[in-house]
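Note sheet for the following structure.
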Amino acid sequence: MSRHVAIVTDSTAYLPPPAMERHGIIAVPLTVVLGDQALDEGTEISARSLAQALQKRRSVTTSRPSPELFAETYRRVAESGATGIVSLHLSAEFSGTYDAAVLAAREAPVPVRVVDTGMVAMALGFCALAAAESAEAGGTVDEAVTAAEKRAAGTSAFFYVDTLEYLRRGGRIGAAQALFGSALAVKPLLQLDGGRIEMLEKVRTASRAIARLEEIVAERAGSAPVDIAVHHLAAPERASALAERLRARLPGLADLHVSEVGAVIGAHTGPGLLAAVVSPR
């Protein structure tokens, strides 16, 4: 058995499967509850199925992984030869996933450092990749955690949604903000700030909001080496067009990932989501 520091994250990191396989990163699934069905994100419910359910106004909720699932994952990773585990998760402001991981870590057979990254989607994914690269270079658990936290500190996430209603339903944005946006018929631009979703700007039309999103990403990226992720839900043309414009516009672009978000994040943003993650190297 190889002796190594292993990296665990959760299904909301939305890492490309080849990257997960290459770095040996394990993702613990969150659950989407569709009607009376509890389905694991990534394997039992697709983003397309989720978008269709939302459009039909079906009841959709999400829930964290159980501490038992984390405990089982940590045991399996330890049995593979890991001498330590870094467990990196979406913001504790969004989910009880971090708390479930902390409970499981107390009984794990090897040391586990659980980190609330304050991030989600590829903003979390880039943190996991940084930790994995540190571990592959012979880094300790503490060094891998430091690499992830450094990446998180420099990473920004911005997103456009067609409506704030889904975020309001899930309690991820205040009812007053959602009502204000609906009353003015504005198109909101949002950002991750301190692990929370905060209003960034209000724009009158979808096309202007998306153009402004591109400008914000370009300003934040600058000319330094940077990784970018573009996410969407049921809006592949929007995502592809934004990615191509950013590819032409950013001189320091290193990697560019384009993907549809999974069902957990999609349940809280709704169809039409367009997001961009900026992560300097």
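How things are named: the first chain in the structure tokens is A, the next is B, and so on; residues count from 1 in each chain; ligands count from 1 in the order shown.
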
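The list of residues with at least one atom within 12 Å of Glu143 (chain A), based on only C-alpha atoms and without residues fewer than 3 positions apart in the same chain, reads Val5, Gly84, Ile85, Val86, Arg113, Ala130, Ala131, Ala132, Glu133, Ser134, Ala135, Glu136, Ala137, Gly138, Gly139, Thr140, Thr146, Ala147, Ala148, Glu149 and Lys150 of chain A.
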
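Between Arg196 (chain A) and the residues A:Val77, A:Val120, A:Met20, A:Ala152, the shortest atom-to-atom distance, using only C-alpha atoms, involves A:Val120.
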
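Across A:Pro111, A:Gly262, A:Gly272, A:Pro67, the tightest approach to Phe159 (chain A) is made by A:Gly272 when counting only C-alpha atoms.
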
Checklist line | Contact residues around Ala224 (chain A) with only C-alpha atoms at 8 Å, ignoring same-chain residues under 4 positions, as a VMD selection string | finding: chain A and resid 251 to 253 280

Next, the residues of the selection above should be written as a PDB file, in the first residue's frame with N, CA and C atoms.
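Below is the file that was written, out.pdb:
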ATOM      1  N   PRO A 251      -5.085  37.365 -20.920  1.00  0.00           N
ATOM      2  CA  PRO A 251      -3.725  37.000 -21.339  1.00  0.00           C
ATOM      3  C   PRO A 251      -3.070  35.979 -20.421  1.00  0.00           C
ATOM      4  N   GLY A 252      -3.473  35.933 -19.152  1.00  0.00           N
ATOM      5  CA  GLY A 252      -2.835  35.007 -18.215  1.00  0.00           C
ATOM      6  C   GLY A 252      -3.597  33.714 -18.006  1.00  0.00           C
ATOM      7  N   LEU A 253      -4.565  33.442 -18.874  1.00  0.00           N
ATOM      8  CA  LEU A 253      -5.404  32.258 -18.684  1.00  0.00           C
ATOM      9  C   LEU A 253      -4.576  30.979 -18.742  1.00  0.00           C
ATOM     10  N   PRO A 280      -6.599  32.752  -9.114  1.00  0.00           N
ATOM     11  CA  PRO A 280      -5.183  32.964  -9.466  1.00  0.00           C
ATOM     12  C   PRO A 280      -4.300  31.835  -8.952  1.00  0.00           C
TER      13      PRO A 280
END

With 12 Å as the cut-off and only C-alpha atoms counted, what is the closest atom pair between each nearby residue of region 140-258 of chain A and region 25-49 of chain A? Distances in Å to one decimal, ordered by chain and number, as JSON lines.
{"residue": "A:His231", "atom": "CA", "partner": "A:Ala47", "partner_atom": "CA", "distance": 11.7}
{"residue": "A:His232", "atom": "CA", "partner": "A:Ala47", "partner_atom": "CA", "distance": 9.8}
{"residue": "A:Leu233", "atom": "CA", "partner": "A:Ala47", "partner_atom": "CA", "distance": 7.1}
{"residue": "A:Ala234", "atom": "CA", "partner": "A:Arg48", "partner_atom": "CA", "distance": 6.9}
{"residue": "A:Ala235", "atom": "CA", "partner": "A:Arg48", "partner_atom": "CA", "distance": 10.5}
{"residue": "A:Pro236", "atom": "CA", "partner": "A:Arg48", "partner_atom": "CA", "distance": 11.3}

Note to self: Please determine, counting only C-alpha atoms, which residue among A:Thr73, A:Thr155, A:Ser207, A:Thr62 has the shortest atom-to-atom distance to Thr9 (chain A).
What the structure shows: A:Thr73

Margin query: Among region 37-68 of chain A, which residues does DSSP mark as alpha helix (DSSP H) when it is run on the backbone? Keep the chain and numbering as in the structure and answer as a ChimeraX atom specification.
Written below: /A:47-55,67-68

Next item on the list: Please provide as a ChimeraX atom specification all residues within 7 Å of Gly270 (chain A), with the sequence filter that same-chain residues fewer than 4 positions apart are discarded (counting only C-alpha atoms).
Entry: /A:51,54,166,266

Surrounding residues of Arg249 (chain A) excluding itself and chain neighbours under 2 positions, 12 Å, only C-alpha atoms, as a CSV table (one decimal) with C-alpha atoms, in the first residue's frame:
chain,number,residue,atom,x,y,z
A,214,GLU,CA,-17.5,39.2,-18.1
A,215,GLU,CA,-16.1,42.6,-17.2
A,217,VAL,CA,-14.1,38.5,-14.3
A,218,ALA,CA,-11.6,40.2,-16.6
A,219,GLU,CA,-10.9,42.9,-14.0
A,221,ALA,CA,-8.2,38.0,-13.4
A,222,GLY,CA,-5.9,40.8,-14.6
A,223,SER,CA,-2.8,39.5,-16.5
A,242,LEU,CA,-18.8,33.5,-22.1
A,243,ALA,CA,-16.0,31.0,-22.0
A,244,GLU,CA,-14.9,31.8,-25.5
A,245,ARG,CA,-14.9,35.5,-24.9
A,246,LEU,CA,-12.9,35.0,-21.7
A,247,ARG,CA,-10.4,32.8,-23.6
A,251,PRO,CA,-3.7,37.0,-21.3
A,252,GLY,CA,-2.8,35.0,-18.2
A,253,LEU,CA,-5.4,32.3,-18.7

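Using only C-alpha atoms, the shortest contact distance between Gly194 (chain A) and any of A:Thr269, A:Thr163, A:Ser240, A:Thr117 is found at A:Thr117.
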
Next item on the list: Give me the residues within 10 Å of Ala100 (chain A) as a ChimeraX atom specification, counting only C-alpha atoms and dropping any in the same chain fewer than 6 places off.
Entry: /A:64-71,114

Restrict the selected residues to N, CA and C atoms and save them as a compact mmCIF listing (two decimals), in the first residue's frame.
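Just written: again12.txt:
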# COMPACT_ATOMS: atom_id res chain seq x y z
N ARG A 64 -27.36 17.30 3.61
CA ARG A 64 -25.94 16.98 3.75
C ARG A 64 -25.72 15.47 3.72
N PRO A 65 -24.48 15.03 3.49
CA PRO A 65 -24.14 13.62 3.70
C PRO A 65 -24.22 13.31 5.20
N SER A 66 -24.49 12.08 5.54
CA SER A 66 -24.53 11.70 6.94
C SER A 66 -23.12 11.56 7.50
N PRO A 67 -22.94 11.74 8.82
CA PRO A 67 -21.63 11.48 9.41
C PRO A 67 -21.17 10.04 9.16
N GLU A 68 -22.12 9.11 9.08
CA GLU A 68 -21.77 7.71 8.83
C GLU A 68 -21.15 7.53 7.45
N LEU A 69 -21.66 8.28 6.46
CA LEU A 69 -21.08 8.19 5.11
C LEU A 69 -19.66 8.73 5.10
N PHE A 70 -19.44 9.84 5.80
CA PHE A 70 -18.07 10.34 5.91
C PHE A 70 -17.17 9.35 6.63
N ALA A 71 -17.67 8.77 7.73
CA ALA A 71 -16.86 7.81 8.49
C ALA A 71 -16.46 6.63 7.61
N VAL A 114 -10.53 18.72 8.74
CA VAL A 114 -11.73 19.13 8.01
C VAL A 114 -11.69 20.65 7.86

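Backbone DSSP assigns strand (DSSP E) in region 43-115 of chain A to Val60, Thr61, Thr62, Ser63, Ala82, Thr83, Gly84, Ile85, Val86, Ser87, Leu88, His89, Val112, Arg113, Val114 and Val115 of chain A.
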
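Between Leu273 (chain A) and the residues A:Ile210, A:Ala19, A:Ile7, A:Met199, the shortest atom-to-atom distance, using only C-alpha atoms, involves A:Ile210.
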